[in-house]
>>> print(open('work.txt').read())   # compact mmCIF, C-alpha atoms
# COMPACT_ATOMS: atom_id res chain seq x y z
CA MET A 1 0.00 0.00 0.00
CA SER A 2 1.34 3.44 -0.93
CA ILE A 3 0.45 6.32 1.38
CA ASP A 4 0.68 10.00 0.48
CA LEU A 5 2.74 11.67 3.22
CA ASN A 6 1.07 14.99 2.39
CA LEU A 7 -2.22 13.37 3.38
CA LEU A 8 -0.76 12.51 6.76
CA VAL A 9 0.41 16.10 7.23
CA VAL A 10 -3.18 17.26 6.68
CA LEU A 11 -4.46 14.58 9.06
CA ASP A 12 -2.03 15.74 11.74
CA ALA A 13 -3.40 19.29 11.51
CA LEU A 14 -7.00 18.03 11.52
CA LEU A 15 -6.42 15.98 14.67
CA ASP A 16 -4.71 18.91 16.40
CA GLU A 17 -7.39 21.44 15.48
CA ALA A 18 -10.49 19.18 15.40
CA HIS A 19 -11.81 21.72 12.92
CA VAL A 20 -11.61 21.72 9.13
CA SER A 21 -11.43 25.50 8.68
CA ARG A 22 -8.72 26.00 11.31
CA ALA A 23 -6.69 23.13 9.86
CA ALA A 24 -7.01 24.68 6.39
CA GLN A 25 -5.85 28.06 7.71
CA ARG A 26 -2.91 26.47 9.51
CA LEU A 27 -1.86 24.63 6.34
CA ASN A 28 -2.60 27.58 4.04
CA ARG A 29 -4.95 25.40 2.01
CA SER A 30 -8.55 25.79 0.92
CA GLN A 31 -11.31 24.36 3.09
CA PRO A 32 -12.64 22.10 0.27
CA ALA A 33 -9.14 20.64 -0.21
CA VAL A 34 -8.84 19.83 3.50
CA SER A 35 -12.38 18.40 3.58
CA ASN A 36 -11.45 16.17 0.65
CA ALA A 37 -8.30 15.06 2.45
CA LEU A 38 -10.34 14.22 5.56
CA GLN A 39 -12.61 11.99 3.52
CA ARG A 40 -9.59 10.25 1.98
CA CYS A 41 -8.20 9.67 5.47
CA ARG A 42 -11.54 8.23 6.59
CA ASP A 43 -11.46 5.83 3.66
CA LEU A 44 -7.81 4.95 4.33
CA PHE A 45 -8.26 4.15 8.03
CA GLY A 46 -11.84 2.92 7.91
CA ASP A 47 -12.85 5.31 10.67
CA GLU A 48 -14.67 8.65 10.89
CA LEU A 49 -11.68 10.18 12.75
CA LEU A 50 -13.65 13.40 13.35
CA GLU A 51 -17.33 13.24 14.15
CA ARG A 52 -19.83 15.89 15.16
CA LYS A 53 -21.10 15.71 18.73
CA HIS A 54 -23.05 18.39 20.60
CA GLY A 55 -22.42 20.92 17.84
CA ALA A 56 -18.62 20.46 17.70
CA MET A 57 -16.18 18.11 16.03
CA ARG A 58 -14.69 15.45 18.29
CA LEU A 59 -11.91 12.95 17.71
CA THR A 60 -12.94 9.30 17.65
CA PRO A 61 -11.08 6.87 19.93
CA ARG A 62 -9.11 5.66 16.89
CA ALA A 63 -8.09 9.24 16.08
CA GLU A 64 -7.01 9.91 19.68
CA ALA A 65 -4.84 6.79 19.61
CA MET A 66 -3.24 7.90 16.34
CA ARG A 67 -2.13 11.38 17.41
CA GLY A 68 1.14 10.46 19.13
CA PRO A 69 2.34 7.84 16.61
CA LEU A 70 1.45 10.15 13.71
CA LYS A 71 3.52 13.01 15.14
CA SER A 72 6.44 10.65 15.72
CA LEU A 73 6.25 9.40 12.14
CA LEU A 74 6.12 12.89 10.62
CA GLY A 75 8.89 14.12 12.93
CA ASN A 76 11.18 11.27 11.91
CA VAL A 77 10.51 11.94 8.21
CA HIS A 78 11.23 15.65 8.65
CA ASP A 79 14.53 15.01 10.44
CA LEU A 80 15.56 12.52 7.74
CA VAL A 81 14.76 14.79 4.80
CA ASP A 82 15.57 18.18 6.30
CA PRO A 83 17.70 17.89 9.45
CA PRO A 84 17.89 21.19 11.37
CA LYS A 85 21.15 23.11 10.98
CA ILE A 86 20.14 26.48 12.40
CA SER A 87 22.19 28.05 15.19
CA LEU A 88 20.60 28.87 18.54
CA SER A 89 21.00 32.60 18.02
CA ASP A 90 19.01 32.39 14.78
CA LEU A 91 16.36 30.00 16.10
CA ARG A 92 12.75 31.16 15.94
CA GLN A 93 10.63 28.72 17.92
CA THR A 94 7.78 28.55 20.43
CA ILE A 95 8.19 25.96 23.17
CA ARG A 96 5.34 25.00 25.48
CA ILE A 97 6.17 23.95 29.03
CA THR A 98 3.51 22.32 31.20
CA THR A 99 4.16 22.75 34.91
CA ALA A 100 2.53 23.68 38.18
CA ASP A 101 2.99 27.22 39.44
CA ASP A 102 5.62 26.31 42.06
CA PRO A 103 8.18 24.88 39.59
CA SER A 104 7.37 27.68 37.15
CA PHE A 105 8.16 30.22 39.87
CA MET A 106 11.47 28.48 40.48
CA ILE A 107 12.59 28.42 36.84
CA ALA A 108 10.77 31.17 34.92
CA GLY A 109 13.10 34.08 35.73
CA PRO A 110 16.42 32.25 35.30
CA LEU A 111 15.18 30.38 32.20
CA ILE A 112 13.93 33.47 30.37
CA ALA A 113 17.08 35.41 31.28
CA ALA A 114 19.29 32.59 29.98
CA LEU A 115 17.29 32.25 26.75
CA HIS A 116 17.50 36.00 26.19
CA ARG A 117 21.28 35.62 26.11
CA THR A 118 21.59 32.35 24.21
CA ALA A 119 18.45 31.90 22.10
CA PRO A 120 16.50 35.19 22.01
CA GLY A 121 14.16 33.94 19.29
CA VAL A 122 12.71 31.22 21.53
CA THR A 123 9.31 32.06 23.01
CA VAL A 124 8.20 30.07 26.06
CA ILE A 125 4.54 29.40 26.81
CA PHE A 126 3.89 28.13 30.34
CA GLU A 127 0.80 25.93 30.37
CA PRO A 128 -1.14 24.81 33.48
CA TRP A 129 -0.51 21.43 35.06
CA ASN A 130 -3.59 19.23 35.51
CA GLY A 131 -1.94 16.14 36.96
CA GLU A 132 0.73 13.71 35.84
CA ASP A 133 -1.57 11.66 33.60
CA ALA A 134 -2.69 14.73 31.65
CA ALA A 135 0.90 15.99 31.39
CA ALA A 136 2.10 12.67 29.95
CA LYS A 137 -0.83 12.51 27.53
CA ASP A 138 -0.13 16.05 26.30
CA LEU A 139 3.51 15.13 25.63
CA LEU A 140 2.54 11.99 23.74
CA ASN A 141 -0.05 13.86 21.67
CA GLY A 142 2.19 16.84 20.95
CA ASP A 143 -0.01 19.30 22.85
CA THR A 144 2.98 20.37 24.92
CA ASP A 145 6.74 20.14 24.34
CA ILE A 146 8.24 19.80 27.83
CA THR A 147 6.70 19.01 31.19
CA ILE A 148 7.95 19.47 34.72
CA SER A 149 5.81 17.07 36.67
CA ILE A 150 5.61 14.01 38.87
CA LEU A 151 6.15 11.12 36.46
CA PRO A 152 6.90 8.19 38.77
CA ARG A 153 7.05 5.53 36.03
CA ASP A 154 8.73 5.06 32.68
CA ILE A 155 6.40 5.81 29.77
CA GLU A 156 7.21 4.52 26.30
CA GLY A 157 8.07 7.40 24.00
CA LEU A 158 9.07 9.83 26.75
CA GLU A 159 12.52 10.86 27.94
CA ARG A 160 12.57 11.57 31.66
CA ILE A 161 15.12 12.84 34.18
CA THR A 162 14.76 13.74 37.85
CA LEU A 163 15.47 17.40 38.60
CA LEU A 164 15.21 17.09 42.37
CA GLN A 165 13.70 15.01 45.15
CA GLU A 166 11.13 17.20 46.86
CA THR A 167 10.09 16.99 50.52
CA TYR A 168 7.39 18.73 52.51
CA ILE A 169 7.18 21.45 55.11
CA VAL A 170 4.15 22.49 57.18
CA ALA A 171 3.54 26.22 56.79
CA MET A 172 1.40 28.67 58.75
CA ARG A 173 1.29 32.38 59.51
CA LYS A 174 3.63 33.88 62.07
CA GLY A 175 1.90 34.10 65.42
CA HIS A 176 -0.37 31.14 64.66
CA PRO A 177 -1.47 29.40 67.89
CA ALA A 178 -0.25 26.06 66.53
CA ALA A 179 3.31 27.40 66.36
CA GLU A 180 3.58 27.56 70.16
CA ARG A 181 3.68 23.76 70.50
CA PHE A 182 3.66 22.09 67.14
CA ASP A 183 2.93 18.36 67.30
CA LEU A 184 0.57 15.89 65.61
CA ASP A 185 -2.46 16.81 67.72
CA THR A 186 -1.93 20.53 67.16
CA TRP A 187 -1.41 19.98 63.44
CA LEU A 188 -4.72 18.18 63.12
CA ASP A 189 -6.64 20.70 65.26
CA TRP A 190 -6.59 23.33 62.51
CA PRO A 191 -8.15 23.37 59.03
CA HIS A 192 -5.82 22.44 56.19
CA ILE A 193 -5.34 23.90 52.73
CA VAL A 194 -4.95 21.29 49.99
CA MET A 195 -3.29 22.15 46.66
CA SER A 196 -4.76 20.27 43.72
CA GLY A 197 -4.75 21.22 40.06
CA ARG A 198 -7.63 18.78 39.61
CA GLY A 199 -9.74 19.97 42.55
CA GLU A 200 -9.27 16.79 44.58
CA ALA A 201 -10.15 17.24 48.25
CA GLY A 202 -7.62 14.74 49.51
CA SER A 203 -4.16 13.30 49.02
CA PRO A 204 -2.05 10.29 50.03
CA LEU A 205 -1.54 12.02 53.38
CA ASP A 206 -5.18 11.35 54.27
CA ALA A 207 -4.75 7.60 53.69
CA GLN A 208 -1.60 7.69 55.84
CA LEU A 209 -3.47 9.45 58.64
CA ARG A 210 -6.32 6.91 58.45
CA SER A 211 -3.80 4.11 58.92
CA LEU A 212 -2.86 5.83 62.19
CA GLY A 213 -6.51 6.17 63.20
CA ARG A 214 -6.38 9.92 62.65
CA ALA A 215 -7.86 12.44 60.21
CA ARG A 216 -7.49 16.08 59.29
CA ARG A 217 -10.11 18.68 58.43
CA ILE A 218 -9.73 20.11 54.94
CA GLY A 219 -10.82 23.73 54.99
CA VAL A 220 -10.21 24.70 51.36
CA VAL A 221 -8.83 23.24 48.11
CA VAL A 222 -6.90 25.58 45.81
CA PRO A 223 -5.20 25.06 42.43
CA SER A 224 -1.93 26.85 43.10
CA PHE A 225 1.00 27.31 45.43
CA GLN A 226 0.77 31.11 45.21
CA LEU A 227 -2.84 31.16 46.40
CA THR A 228 -1.93 28.79 49.23
CA LEU A 229 0.71 31.18 50.57
CA SER A 230 -1.68 34.12 50.34
CA LEU A 231 -4.38 32.27 52.30
CA LEU A 232 -1.90 31.16 54.95
CA VAL A 233 -1.00 34.77 55.71
CA GLN A 234 -4.64 35.85 55.95
CA THR A 235 -6.14 32.90 57.87
CA ASP A 236 -5.47 30.33 60.59
CA HIS A 237 -5.33 27.53 58.02
CA ILE A 238 -2.28 25.26 57.80
CA ALA A 239 -0.78 23.76 54.65
CA MET A 240 1.76 21.11 53.79
CA VAL A 241 3.76 22.58 50.90
CA PRO A 242 6.85 21.64 48.86
CA ARG A 243 9.95 22.61 50.81
CA HIS A 244 12.08 23.98 47.95
CA GLY A 245 9.43 26.41 46.77
CA PHE A 246 8.65 27.55 50.31
CA MET A 247 12.30 28.20 51.11
CA LEU A 248 12.82 30.00 47.80
CA HIS A 249 9.88 32.33 48.43
CA GLY A 250 11.18 33.25 51.88
CA HIS A 251 7.76 34.65 52.81
CA PRO A 252 8.23 37.04 55.79
CA GLY A 253 4.73 36.41 57.13
CA LEU A 254 5.04 32.63 57.37
CA VAL A 255 6.88 30.02 59.41
CA GLY A 256 7.51 26.38 58.59
CA PHE A 257 7.90 23.15 60.56
CA ASP A 258 8.88 19.63 59.69
CA PRO A 259 5.79 17.39 59.50
CA PRO A 260 5.14 15.64 62.83
CA ILE A 261 5.01 12.25 61.08
CA SER A 262 7.28 10.78 58.43
CA ILE A 263 5.90 11.69 54.98
CA ASP A 264 7.33 10.51 51.69
CA GLY A 265 8.52 13.15 49.29
CA PHE A 266 8.23 13.00 45.53
CA PRO A 267 10.46 13.39 42.47
CA VAL A 268 10.20 16.47 40.28
CA ASN A 269 10.71 15.14 36.76
CA LEU A 270 11.58 16.85 33.51
CA ALA A 271 10.23 15.05 30.43
CA TRP A 272 9.92 15.45 26.68
CA HIS A 273 9.01 13.17 23.78
CA THR A 274 11.75 11.08 22.20
CA ARG A 275 10.67 12.36 18.78
CA ARG A 276 11.83 15.82 19.90
CA SER A 277 15.24 14.68 21.12
CA GLY A 278 16.85 15.95 17.93
CA ASP A 279 15.17 19.35 18.15
CA ALA A 280 17.84 21.97 18.90
CA GLY A 281 15.40 24.29 20.70
CA ILE A 282 14.01 21.54 22.92
CA ARG A 283 17.50 20.28 23.74
CA HIS A 284 18.66 23.77 24.68
CA VAL A 285 15.65 24.54 26.89
CA VAL A 286 15.98 21.14 28.62
CA ALA A 287 19.67 21.76 29.28
CA THR A 288 18.93 25.25 30.61
CA ILE A 289 16.22 23.99 32.96
CA LYS A 290 18.61 21.34 34.29
CA GLU A 291 21.19 24.07 35.01
CA VAL A 292 18.57 26.19 36.80
CA PHE A 293 17.51 23.29 39.01
CA THR A 294 20.99 22.04 39.88
CA PRO A 295 21.59 24.56 42.69
CA GLN A 296 17.98 24.13 43.85
CA GLY A 297 18.47 20.43 44.37
CA SER A 298 21.99 20.48 45.71
>>> encode(input="work.txt", output="structure tokens")
Amino acid sequence: MSIDLNLLVVLDALLDEAHVSRAAQRLNRSQPAVSNALQRCRDLFGDELLERKHGAMRLTPRAEAMRGPLKSLLGNVHDLVDPPKISLSDLRQTIRITTADDPSFMIAGPLIAALHRTAPGVTVIFEPWNGEDAAAKDLLNGDTDITISILPRDIEGLERITLLQETYIVAMRKGHPAAERFDLDTWLDWPHIVMSGRGEAGSPLDAQLRSLGRARRIGVVVPSFQLTLSLLVQTDHIAMVPRHGFMLHGHPGLVGFDPPISIDGFPVNLAWHTRRSGDAGIRHVVATIKEVFTPQGS
């Protein structure tokens, strides 16, 4: 079977955009030409690929499964036919980084300053983190380029390194009554702030407390580290937060204590797709992020 690679390029745009007109605009082609290509792809794969649901086009399960492999195939072909030879100073590229607000606070300033010196044509887009599963899926599908996330397992197709091993600290406002004698009972007497990008009102800590016959009261769930610190200053809530970010902020209105029970930390991973390993811009941003984190983790 012979397959027109140009047809696959159109399919890649269609699956990214889930919209014929936007795909046509992206490819600088007419809408009828892209519609015709979509029908040819449907015939080729024996699947609708894009179907209308609730007034919008949605990818079929087959189309969702194809996104990552299709991008890998097209990327390999591009590198074979037209390997990049551009220097970093001449590079013009947008790189999307998916990360929670705490790691972004740690790296954004040093990263942008370094890129301004070494690769000024690189534009960074920081995208919100919605959990490790979503971050991995976005990498595989090409919806993001780099992620800084918790990725505790190897995932086929992804390159992964550990930037640092994070631990926790219990934070509260200065003058908080719990600071006078901080122990397990005192810790659990006060309402807790939980950080969750997915809005989950719980964490592995709650299971650990249940195993001890204890429980905490969750007072509020927030999506970001920054909002957590702001609420700690203004209320009598307590929060368990990542130690590196807390120490880096050096918030004058807060104090921190070691947790009164042993709590496992977590790795902060940097990951990108193997199909992008030959991309000069991705390689440079990855190397720069590693340099930024080295003193943080030392």
>>> closest_residue(input="work.txt", among="A:Gly75, A:Ile95, A:Pro152, A:Ser224", to="Gly278 (chain A)", atoms="all atoms listed in the file")
A:Gly75
>>> residues_around(input="work.txt", residues="region 230-240 of chain A", least_positions_apart="3", cutoff="7 Å", atoms="only C-alpha atoms", output="PyMOL selection string")
chain A and resi 168-173+176+190-194+226-227+253-254
>>> residues_around(input="work.txt", residues="Leu5 (chain A)", least_positions_apart="2", cutoff="12 Å", atoms="all atoms listed in the file", output="JSON, numbers by chain")
{"A": [2, 3, 7, 8, 9, 10, 11, 12, 37, 41, 70, 73, 74, 75, 77, 78]}
>>> residues_around(input="work.txt", residues="Lys290 (chain A)", least_positions_apart="6", cutoff="12 Å", atoms="all atoms listed in the file", output="PyMOL selection string")
chain A and resi 106-107+110-111+148+160-164+268-271+283-284+296-298
>>> closest_residue(input="work.txt", among="A:Asp4, A:Glu166, A:Pro260, A:Ala23", to="Arg243 (chain A)", atoms="all atoms listed in the file")
A:Glu166
>>> closest_residue(input="work.txt", among="A:Gly121, A:Gly197, A:Pro69, A:Pro128", to="Val221 (chain A)", atoms="all atoms listed in the file")
A:Gly197
